[in-house]
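coords-v6.txt follows (compact mmCIF, C-alpha atoms and all ligand atoms):
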```txt
# COMPACT_ATOMS: atom_id res chain seq x y z
CA VAL A 1 -84.67 -143.38 16.76
CA LEU A 2 -82.90 -140.79 14.57
CA PRO A 3 -85.27 -137.79 14.40
CA SER A 4 -86.53 -136.99 10.89
CA TRP A 5 -84.85 -133.55 10.97
CA ALA A 6 -81.30 -134.91 11.38
CA GLU A 7 -78.90 -136.96 9.28
CA ARG A 8 -76.00 -138.81 10.84
CA TRP A 9 -72.76 -138.79 8.87
CA GLY A 10 -69.97 -141.05 10.19
CA ILE A 11 -66.72 -139.15 9.72
CA PRO A 12 -63.52 -141.21 10.27
CA THR A 13 -61.07 -140.38 13.07
CA PRO A 14 -57.68 -142.02 13.68
CA PHE A 15 -58.61 -142.70 17.33
CA PRO A 16 -59.59 -146.09 18.86
CA VAL A 17 -63.13 -144.72 19.35
CA GLY A 18 -63.72 -144.88 15.56
CA ASP A 19 -65.98 -142.49 13.64
CA VAL A 20 -67.25 -139.23 15.03
CA ASN A 21 -70.97 -138.60 14.52
CA THR A 22 -71.39 -135.48 12.44
CA PHE A 23 -75.06 -134.47 12.39
CA TYR A 24 -76.58 -132.52 9.52
CA LEU A 25 -79.77 -130.50 9.88
CA ALA A 26 -81.30 -129.22 6.63
CA GLY A 27 -83.77 -126.31 6.58
CA LYS A 28 -83.78 -122.54 6.98
CA GLN A 29 -80.45 -122.53 8.82
CA PRO A 30 -78.67 -125.59 7.39
CA ALA A 31 -76.24 -126.68 10.07
CA LEU A 32 -73.66 -129.24 11.17
CA VAL A 33 -72.97 -130.40 14.70
CA ASP A 34 -69.29 -131.47 15.09
CA PRO A 35 -67.60 -131.36 11.68
CA GLY A 36 -64.81 -133.84 12.54
CA PRO A 37 -61.00 -133.84 12.69
CA LYS A 38 -58.64 -132.13 10.28
CA THR A 39 -57.29 -135.24 8.56
CA PRO A 40 -57.27 -135.96 4.81
CA LYS A 41 -59.69 -138.89 5.27
CA ALA A 42 -62.17 -136.90 7.33
CA TRP A 43 -62.06 -133.98 4.91
CA GLN A 44 -62.64 -136.33 1.98
CA ALA A 45 -65.67 -137.87 3.68
CA LEU A 46 -67.12 -134.51 4.75
CA SER A 47 -66.55 -132.64 1.50
CA ALA A 48 -68.18 -135.49 -0.46
CA ARG A 49 -71.30 -134.94 1.67
CA LEU A 50 -71.13 -131.16 1.37
CA ALA A 51 -71.14 -131.40 -2.42
CA HIS A 52 -74.87 -132.22 -2.04
CA ALA A 53 -75.77 -130.32 1.12
CA LYS A 54 -75.72 -126.61 1.85
CA VAL A 55 -74.40 -125.58 5.25
CA ARG A 56 -74.46 -122.14 6.88
CA ARG A 57 -73.73 -122.80 10.51
CA ILE A 58 -71.73 -125.29 12.56
CA VAL A 59 -71.59 -125.92 16.28
CA PHE A 60 -68.88 -127.94 17.94
CA THR A 61 -69.86 -129.59 21.23
CA HIS A 62 -66.32 -129.27 22.66
CA TYR A 63 -62.84 -128.33 21.48
CA HIS A 64 -61.40 -131.88 21.05
CA ALA A 65 -59.94 -132.16 17.55
CA ASP A 66 -62.04 -135.18 16.52
CA HIS A 67 -65.10 -132.90 16.89
CA SER A 68 -63.87 -129.37 16.14
CA GLY A 69 -60.82 -129.81 13.89
CA LEU A 70 -62.43 -128.91 10.54
CA SER A 71 -64.23 -125.80 11.85
CA ALA A 72 -61.60 -123.39 10.53
CA ARG A 73 -61.65 -124.92 7.07
CA LEU A 74 -65.44 -124.73 6.83
CA GLN A 75 -65.38 -121.16 8.09
CA SER A 76 -62.81 -120.04 5.51
CA ASP A 77 -63.84 -122.18 2.48
CA PHE A 78 -67.64 -122.16 2.92
CA GLY A 79 -68.14 -118.99 4.92
CA VAL A 80 -70.11 -120.82 7.61
CA GLU A 81 -70.77 -119.31 11.02
CA VAL A 82 -69.09 -121.23 13.83
CA ALA A 83 -70.67 -121.54 17.28
CA ALA A 84 -69.34 -123.10 20.49
CA HIS A 85 -69.46 -122.71 24.24
CA ARG A 86 -67.49 -119.63 25.22
CA ILE A 87 -64.81 -121.59 27.15
CA ASP A 88 -64.02 -124.18 24.47
CA GLY A 89 -64.57 -121.53 21.79
CA GLU A 90 -61.71 -119.56 23.33
CA VAL A 91 -59.53 -122.70 23.32
CA LEU A 92 -59.97 -123.15 19.55
CA ALA A 93 -59.58 -119.39 18.96
CA HIS A 94 -56.01 -119.66 20.35
CA TRP A 95 -55.32 -123.25 19.31
CA GLY A 96 -52.03 -122.79 17.42
CA GLU A 97 -50.79 -120.00 19.65
CA HIS A 98 -51.22 -122.07 22.85
CA GLY A 99 -50.15 -125.46 21.45
CA GLU A 100 -46.64 -125.49 22.82
CA GLU A 101 -47.71 -124.35 26.27
CA ARG A 102 -50.52 -126.95 26.28
CA GLN A 103 -48.11 -129.79 25.42
CA ARG A 104 -45.65 -128.56 28.05
CA ASP A 105 -48.44 -128.62 30.66
CA TYR A 106 -49.41 -132.18 29.66
CA GLY A 107 -45.74 -133.22 29.92
CA GLU A 108 -45.46 -131.66 33.38
CA GLY A 109 -48.69 -133.37 34.52
CA LEU A 110 -47.51 -136.78 33.26
CA ARG A 111 -44.13 -136.37 34.97
CA ARG A 112 -45.83 -135.49 38.26
CA ALA A 113 -48.04 -138.57 37.79
CA GLY A 114 -44.86 -140.68 37.74
CA VAL A 115 -44.97 -141.74 34.06
CA PRO A 116 -41.56 -143.28 33.19
CA SER A 117 -39.50 -141.45 30.59
CA GLU A 118 -39.71 -144.31 28.03
CA HIS A 119 -43.49 -143.74 27.81
CA MET A 120 -43.28 -139.94 27.87
CA GLU A 121 -41.87 -139.71 24.36
CA GLN A 122 -44.71 -141.82 22.92
CA MET A 123 -47.34 -139.73 24.72
CA ARG A 124 -45.69 -136.51 23.58
CA TYR A 125 -45.79 -137.77 20.00
CA GLY A 126 -49.50 -138.62 20.40
CA GLY A 127 -50.13 -135.12 21.75
CA LEU A 128 -48.41 -133.46 18.80
CA LYS A 129 -50.41 -135.55 16.32
CA ILE A 130 -53.63 -134.35 17.96
CA GLU A 131 -52.44 -130.72 17.87
CA ALA A 132 -52.17 -131.07 14.07
CA MET A 133 -55.76 -132.33 13.75
CA ALA A 134 -57.30 -128.90 14.40
CA ASP A 135 -56.73 -125.41 13.06
CA THR A 136 -57.15 -122.17 14.96
CA CYS A 137 -60.74 -120.98 14.55
CA LYS A 138 -62.34 -117.95 16.14
CA PRO A 139 -66.04 -118.78 16.66
CA ASP A 140 -68.60 -116.24 15.43
CA ILE A 141 -71.07 -117.14 18.19
CA LEU A 142 -70.07 -117.89 21.79
CA LEU A 143 -72.77 -119.72 23.72
CA ASP A 144 -73.48 -119.90 27.41
CA GLU A 145 -75.91 -121.84 29.59
CA GLY A 146 -79.49 -121.18 28.49
CA ASP A 147 -78.62 -119.48 25.17
CA ARG A 148 -80.73 -120.43 22.16
CA ILE A 149 -79.50 -121.20 18.66
CA GLN A 150 -81.28 -122.20 15.48
CA LEU A 151 -80.05 -125.31 13.66
CA GLY A 152 -81.96 -126.41 10.57
CA ASP A 153 -85.60 -125.52 11.25
CA LEU A 154 -85.40 -126.02 15.00
CA GLU A 155 -84.37 -124.03 18.01
CA PHE A 156 -81.91 -125.54 20.48
CA GLU A 157 -80.95 -124.60 24.02
CA ALA A 158 -77.34 -124.68 25.21
CA LEU A 159 -76.62 -126.60 28.43
CA HIS A 160 -73.14 -126.01 29.81
CA THR A 161 -71.86 -129.39 31.01
CA PRO A 162 -68.26 -129.02 32.28
CA GLY A 163 -66.23 -132.19 32.83
CA HIS A 164 -65.16 -133.94 29.64
CA THR A 165 -63.80 -130.48 28.81
CA ALA A 166 -64.41 -127.27 30.76
CA GLY A 167 -66.52 -125.85 27.93
CA SER A 168 -68.48 -128.94 26.87
CA LEU A 169 -71.94 -128.19 25.56
CA LEU A 170 -75.20 -130.10 25.19
CA LEU A 171 -77.73 -128.82 22.66
CA ARG A 172 -81.31 -129.69 23.52
CA SER A 173 -84.23 -129.13 21.16
CA ALA A 174 -86.76 -126.59 22.43
CA ASP A 175 -89.38 -129.36 22.84
CA LYS A 176 -86.83 -131.29 25.00
CA ARG A 177 -87.28 -134.42 22.91
CA ALA A 178 -83.71 -134.64 21.54
CA THR A 179 -80.24 -133.63 22.73
CA PHE A 180 -76.84 -133.52 21.06
CA SER A 181 -74.43 -134.72 23.75
CA GLY A 182 -70.92 -134.61 22.21
CA ASP A 183 -68.71 -136.79 24.41
CA THR A 184 -70.50 -135.90 27.66
CA LEU A 185 -72.98 -138.78 27.31
CA LEU A 186 -72.05 -141.90 25.31
CA GLU A 187 -73.95 -145.15 25.40
CA ARG A 188 -71.16 -147.69 25.93
CA ILE A 189 -68.06 -145.69 26.77
CA THR A 190 -67.28 -143.83 29.97
CA PRO A 191 -66.08 -140.47 28.68
CA ASN A 192 -62.69 -139.42 30.02
CA ALA A 193 -62.68 -136.18 31.99
CA VAL A 194 -59.11 -135.36 30.99
CA SER A 195 -57.32 -134.56 34.25
CA VAL A 196 -53.62 -134.41 33.39
CA ARG A 197 -52.77 -130.69 33.37
CA ALA A 198 -52.69 -128.70 36.61
CA SER A 199 -55.47 -126.50 35.14
CA GLU A 200 -57.81 -129.51 34.69
CA ARG A 201 -57.47 -130.92 38.21
CA SER A 202 -61.18 -130.53 38.92
CA ALA A 203 -62.36 -132.10 35.63
CA LEU A 204 -63.64 -135.39 37.04
CA PRO A 205 -65.41 -133.94 40.10
CA ALA A 206 -66.99 -131.41 37.69
CA TYR A 207 -68.04 -134.21 35.33
CA LEU A 208 -69.71 -136.15 38.16
CA ASN A 209 -71.59 -132.98 39.15
CA THR A 210 -72.66 -132.56 35.53
CA LEU A 211 -73.99 -136.13 35.49
CA ARG A 212 -75.95 -135.51 38.71
CA ARG A 213 -77.43 -132.36 37.19
CA LEU A 214 -78.35 -134.17 33.96
CA GLN A 215 -80.21 -136.80 35.99
CA GLN A 216 -82.74 -134.04 36.70
CA GLU A 217 -83.02 -132.86 33.07
CA PRO A 218 -85.41 -134.19 30.43
CA LEU A 219 -83.11 -134.90 27.46
CA GLY A 220 -85.17 -137.12 25.15
CA VAL A 221 -83.27 -139.11 22.54
CA ILE A 222 -79.51 -138.63 22.78
CA LEU A 223 -77.51 -137.90 19.63
CA PRO A 224 -73.98 -138.60 20.89
CA GLY A 225 -70.56 -137.73 19.47
CA HIS A 226 -69.71 -141.40 18.92
CA GLY A 227 -71.68 -144.63 18.65
CA ASN A 228 -75.39 -145.24 18.53
CA LEU A 229 -78.25 -142.96 19.47
CA PHE A 230 -80.06 -143.92 22.67
CA ASP A 231 -83.19 -142.90 24.55
CA ASN A 232 -82.38 -144.19 28.05
CA ALA A 233 -80.19 -141.32 29.25
CA PRO A 234 -81.20 -141.70 32.94
CA GLU A 235 -80.00 -145.32 32.90
CA VAL A 236 -76.74 -144.45 31.07
CA ILE A 237 -76.08 -141.67 33.60
CA ARG A 238 -76.86 -143.94 36.57
CA LEU A 239 -74.38 -146.54 35.25
CA ALA A 240 -71.68 -143.90 34.66
CA LEU A 241 -72.04 -142.65 38.25
CA ARG A 242 -71.94 -146.22 39.55
CA HIS A 243 -68.85 -146.96 37.43
CA ALA A 244 -67.06 -143.97 39.01
CA GLU A 245 -68.02 -145.12 42.52
CA VAL A 246 -66.66 -148.62 41.88
CA ARG A 247 -63.42 -147.25 40.37
CA GLN A 248 -62.89 -145.01 43.39
CA GLU A 249 -63.54 -147.78 45.91
CA ARG A 250 -61.05 -149.97 44.08
CA LEU A 251 -58.41 -147.20 43.96
CA GLU A 252 -58.83 -146.53 47.65
CA ARG A 253 -58.39 -150.24 48.37
CA LEU A 254 -55.24 -150.44 46.22
CA LEU A 255 -53.74 -147.45 48.02
CA ARG A 256 -54.59 -148.97 51.38
CA GLU A 257 -52.45 -151.99 50.35
CA ARG A 258 -49.60 -149.63 49.45
CA PRO A 259 -49.15 -145.99 48.47
CA GLY A 260 -48.08 -145.08 44.96
CA THR A 261 -48.03 -142.62 42.08
CA ALA A 262 -50.95 -142.28 39.66
CA TRP A 263 -48.86 -144.21 37.13
CA SER A 264 -48.15 -147.15 39.45
CA VAL A 265 -51.72 -147.37 40.68
CA ALA A 266 -53.01 -147.18 37.07
CA GLN A 267 -50.85 -150.23 36.27
CA ARG A 268 -52.44 -152.09 39.17
CA LEU A 269 -55.93 -150.92 38.20
CA PHE A 270 -55.85 -151.57 34.45
CA GLY A 271 -53.03 -154.13 34.05
CA GLN A 272 -51.18 -154.22 30.73
CA LEU A 273 -52.56 -151.67 28.29
CA PRO A 274 -51.57 -150.92 24.70
CA GLU A 275 -49.33 -147.87 24.39
CA ASN A 276 -52.07 -145.71 22.82
CA GLN A 277 -54.35 -146.16 25.85
CA LEU A 278 -51.81 -145.25 28.55
CA PHE A 279 -52.55 -141.52 28.43
CA LEU A 280 -56.28 -141.99 29.04
CA ALA A 281 -55.61 -144.58 31.77
CA VAL A 282 -53.34 -142.16 33.66
CA SER A 283 -55.82 -139.33 33.05
CA GLU A 284 -58.76 -141.32 34.43
CA THR A 285 -56.71 -142.44 37.46
CA LEU A 286 -55.66 -138.84 38.20
CA GLY A 287 -59.28 -137.72 37.99
CA HIS A 288 -60.53 -140.33 40.46
CA LEU A 289 -57.58 -139.71 42.81
CA GLU A 290 -58.48 -136.02 42.86
CA ALA A 291 -62.12 -136.85 43.63
CA LEU A 292 -60.96 -139.13 46.48
CA ARG A 293 -58.58 -136.45 47.75
CA ARG A 294 -61.42 -133.91 47.85
CA ALA A 295 -63.56 -136.38 49.76
CA GLY A 296 -60.76 -136.80 52.32
CA ARG A 297 -60.34 -140.48 51.44
CA VAL A 298 -56.85 -140.10 49.94
CA GLU A 299 -53.89 -137.86 50.69
CA SER A 300 -51.08 -136.82 48.39
CA ARG A 301 -47.56 -135.49 48.93
CA SER A 302 -44.84 -134.43 46.55
CA GLU A 303 -41.69 -136.57 46.58
CA GLY A 304 -38.90 -135.38 44.30
CA GLY A 305 -41.37 -133.66 41.96
CA VAL A 306 -43.69 -136.70 41.76
CA ASP A 307 -47.07 -136.94 43.53
CA VAL A 308 -47.45 -139.95 45.80
CA TYR A 309 -50.93 -140.93 47.02
CA GLU A 310 -51.96 -142.90 50.05
CA ALA A 311 -55.26 -143.80 51.65
CA SER A 312 -56.21 -141.49 54.52
CA GLY A 313 -55.52 -143.03 57.91
CA ALA A 314 -53.58 -145.85 56.23
CA ALA A 315 -50.85 -145.59 58.89
CA GLN A 316 -53.20 -146.87 61.64
CA VAL A 317 -54.40 -149.87 59.62
ZN ZN B 401 -63.91 -135.37 23.48
ZN ZN B 402 -64.80 -137.56 20.84
```

Rewrite the coordinates I just gave you, this time as structure tokens.
Ligand SMILES: [Zn+2]
Ligand SMILES: [Zn+2]
Amino acid sequence: VLPSWAERWGIPTPFPVGDVNTFYLAGKQPALVDPGPKTPKAWQALSARLAHAKVRRIVFTHYHADHSGLSARLQSDFGVEVAAHRIDGEVLAHWGEHGEERQRDYGEGLRRAGVPSEHMEQMRYGGLKIEAMADTCKPDILLDEGDRIQLGDLEFEALHTPGHTAGSLLLRSADKRATFSGDTLLERITPNAVSVRASERSALPAYLNTLRRLQQEPLGVILPGHGNLFDNAPEVIRLALRHAEVRQERLERLLRERPGTAWSVAQRLFGQLPENQLFLAVSETLGHLEALRRAGRVESRSEGGVDVYEASGAAQV
């Protein structure tokens, strides 16, 4: 289903998700969507491709390093124009400058979630490795909902889809027959609306709203940030919404049995997880707990600097 105007280049990432899909569009405005992470392996793979392909413009779908990391290098070495949504564009524009503060905020969020100190060090190390996979890059073009941008020979429309990150972007072809989705829509993976820092508390509720909005949008074939292309977006969205509903019902049930921190309830929800998946497990749990709290189904209180959750009305049960 890959449209004739796009090439898919698999660029390696060190994350469990595997390659990132970097899309190349030849033509009047030769362009890349999501150049990949700043790692030696990714650069090797990308520069081998660029030896045979001219590029003038790149767009990153969101600021995560596996998608945006090489933007700065392409901007400085190849003189390409960089475009992004204005929110995530600002994040990458201040990437190095805000790194320490960002990691401190993640640490604070994980502590409040009740993560034991022996796991904190590992997560902190993971965070620092990710910081190093992107360079500060000031985008030349900041996009907003409804803006148009030419990639290759085609015109695309920006859809602002907050959730996975606050400035996540979909790029839909003007004929509405194809859409680059970044990590907002993936065929087999439920994207994580990272919810650890105090500033990202509303990420999961925002993501669910984005999914409900996208149910109403013609998107055509989806060119996602990872994995295979797919043309059944309405079904993928329906399943993602259903998945969230089931997770939240289960969390509410677990808290009705006994209250707990996000960490303790994540253990009960996911069981034993490998160390490198703990961060995303806590993040997803925090996101659903916040959605439940907003719906009045769960309450939280601070106990010695740690947030403890319980099901609403649990005392009467
Ligand atoms: Zn991402
Ligand atoms: Zn990704």

Just want the residues within 12 Å of ligand ZN 402 (chain B), written as a ChimeraX atom specification, counting all atoms listed in the file. /A:11-22,34-37,60-69,130,164-165,168,181-186,189-194,224-227

With C-alpha atoms retained, could you export that selection as a PDB file, in the coordinates of the input?
```
ATOM      1  CA  ILE A  11     -66.720-139.150   9.720  1.00  0.00           C
ATOM      2  CA  PRO A  12     -63.520-141.210  10.270  1.00  0.00           C
ATOM      3  CA  THR A  13     -61.070-140.380  13.070  1.00  0.00           C
ATOM      4  CA  PRO A  14     -57.680-142.020  13.680  1.00  0.00           C
ATOM      5  CA  PHE A  15     -58.610-142.700  17.330  1.00  0.00           C
ATOM      6  CA  PRO A  16     -59.590-146.090  18.860  1.00  0.00           C
ATOM      7  CA  VAL A  17     -63.130-144.720  19.350  1.00  0.00           C
ATOM      8  CA  GLY A  18     -63.720-144.880  15.560  1.00  0.00           C
ATOM      9  CA  ASP A  19     -65.980-142.490  13.640  1.00  0.00           C
ATOM     10  CA  VAL A  20     -67.250-139.230  15.030  1.00  0.00           C
ATOM     11  CA  ASN A  21     -70.970-138.600  14.520  1.00  0.00           C
ATOM     12  CA  THR A  22     -71.390-135.480  12.440  1.00  0.00           C
ATOM     13  CA  ASP A  34     -69.290-131.470  15.090  1.00  0.00           C
ATOM     14  CA  PRO A  35     -67.600-131.360  11.680  1.00  0.00           C
ATOM     15  CA  GLY A  36     -64.810-133.840  12.540  1.00  0.00           C
ATOM     16  CA  PRO A  37     -61.000-133.840  12.690  1.00  0.00           C
ATOM     17  CA  PHE A  60     -68.880-127.940  17.940  1.00  0.00           C
ATOM     18  CA  THR A  61     -69.860-129.590  21.230  1.00  0.00           C
ATOM     19  CA  HIS A  62     -66.320-129.270  22.660  1.00  0.00           C
ATOM     20  CA  TYR A  63     -62.840-128.330  21.480  1.00  0.00           C
ATOM     21  CA  HIS A  64     -61.400-131.880  21.050  1.00  0.00           C
ATOM     22  CA  ALA A  65     -59.940-132.160  17.550  1.00  0.00           C
ATOM     23  CA  ASP A  66     -62.040-135.180  16.520  1.00  0.00           C
ATOM     24  CA  HIS A  67     -65.100-132.900  16.890  1.00  0.00           C
ATOM     25  CA  SER A  68     -63.870-129.370  16.140  1.00  0.00           C
ATOM     26  CA  GLY A  69     -60.820-129.810  13.890  1.00  0.00           C
ATOM     27  CA  ILE A 130     -53.630-134.350  17.960  1.00  0.00           C
ATOM     28  CA  HIS A 164     -65.160-133.940  29.640  1.00  0.00           C
ATOM     29  CA  THR A 165     -63.800-130.480  28.810  1.00  0.00           C
ATOM     30  CA  SER A 168     -68.480-128.940  26.870  1.00  0.00           C
ATOM     31  CA  SER A 181     -74.430-134.720  23.750  1.00  0.00           C
ATOM     32  CA  GLY A 182     -70.920-134.610  22.210  1.00  0.00           C
ATOM     33  CA  ASP A 183     -68.710-136.790  24.410  1.00  0.00           C
ATOM     34  CA  THR A 184     -70.500-135.900  27.660  1.00  0.00           C
ATOM     35  CA  LEU A 185     -72.980-138.780  27.310  1.00  0.00           C
ATOM     36  CA  LEU A 186     -72.050-141.900  25.310  1.00  0.00           C
ATOM     37  CA  ILE A 189     -68.060-145.690  26.770  1.00  0.00           C
ATOM     38  CA  THR A 190     -67.280-143.830  29.970  1.00  0.00           C
ATOM     39  CA  PRO A 191     -66.080-140.470  28.680  1.00  0.00           C
ATOM     40  CA  ASN A 192     -62.690-139.420  30.020  1.00  0.00           C
ATOM     41  CA  ALA A 193     -62.680-136.180  31.990  1.00  0.00           C
ATOM     42  CA  VAL A 194     -59.110-135.360  30.990  1.00  0.00           C
ATOM     43  CA  PRO A 224     -73.980-138.600  20.890  1.00  0.00           C
ATOM     44  CA  GLY A 225     -70.560-137.730  19.470  1.00  0.00           C
ATOM     45  CA  HIS A 226     -69.710-141.400  18.920  1.00  0.00           C
ATOM     46  CA  GLY A 227     -71.680-144.630  18.650  1.00  0.00           C
TER      47      GLY A 227
END
```

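Atom to atom, CA of Glu299 (chain A) and CA of Pro274 (chain A) stand 29.2 Å apart.
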
Neighbourhood query: residues within 12 Å of (-76.9, -133.7, 35.9), file coordinates, counting only C-alpha atoms; return as a VMD selection string. chain A and resid 159 to 163 170 184 to 185 206 to 219 233 to 234 236 to 238 240 to 241

CA of Ala83 (chain A) to CA of Leu143 (chain A), distance in Å rounded to a single decimal: 7.0 Å

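Comparing A:Gln248, A:Ser4, A:Ser283, A:Thr39 by their smallest distance to Tyr106 (chain A), the closest is A:Ser283 (using only C-alpha atoms).
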
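Restricting the calculation to only C-alpha atoms, the smallest distance between Phe78 (chain A) and any of A:Arg293, A:Arg56, A:Arg258, A:His94 is found for A:Arg56.
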
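With distances taken over all atoms listed in the file, A:Gly167 is the one residue among A:Pro205, A:Gly296, A:Gly146, A:Gly167 lying closest to ligand ZN 401 (chain B).
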
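Proximity of A:Arg148, A:Ala166, A:Val59, A:Glu7 to Ser199 (chain A), computed with all atoms listed in the file, is greatest for A:Ala166.
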
Using all atoms listed in the file, list the residues that have an atom at most 12 Å from (-64.3, -122.3, 6.1), coordinates as in the file, as number ranges by chain. A: 35, 43, 47, 55-58, 69-82, 135-140

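Distance check against Arg112 (chain A) using all atoms listed in the file: of A:Arg197, A:Arg294, A:Lys129, A:Arg247, the minimum falls on A:Arg197.
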
Name the closest residue to ligand ZN 401 (chain B) among the candidates A:Ala26, A:Leu280, A:Leu50, A:Leu229; distances are taken between atoms, counting all atoms listed in the file. A:Leu280

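Taking CA of Arg256 (chain A) as the reference point, CA of Ala311 (chain A) is found at 5.2 Å.
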
Please provide as a ChimeraX atom specification all residues within 10 Å of Gly96 (chain A), with the sequence filter that same-chain residues fewer than 3 positions apart are discarded (counting all atoms listed in the file). /A:91-93,99-102,131-132,134-137
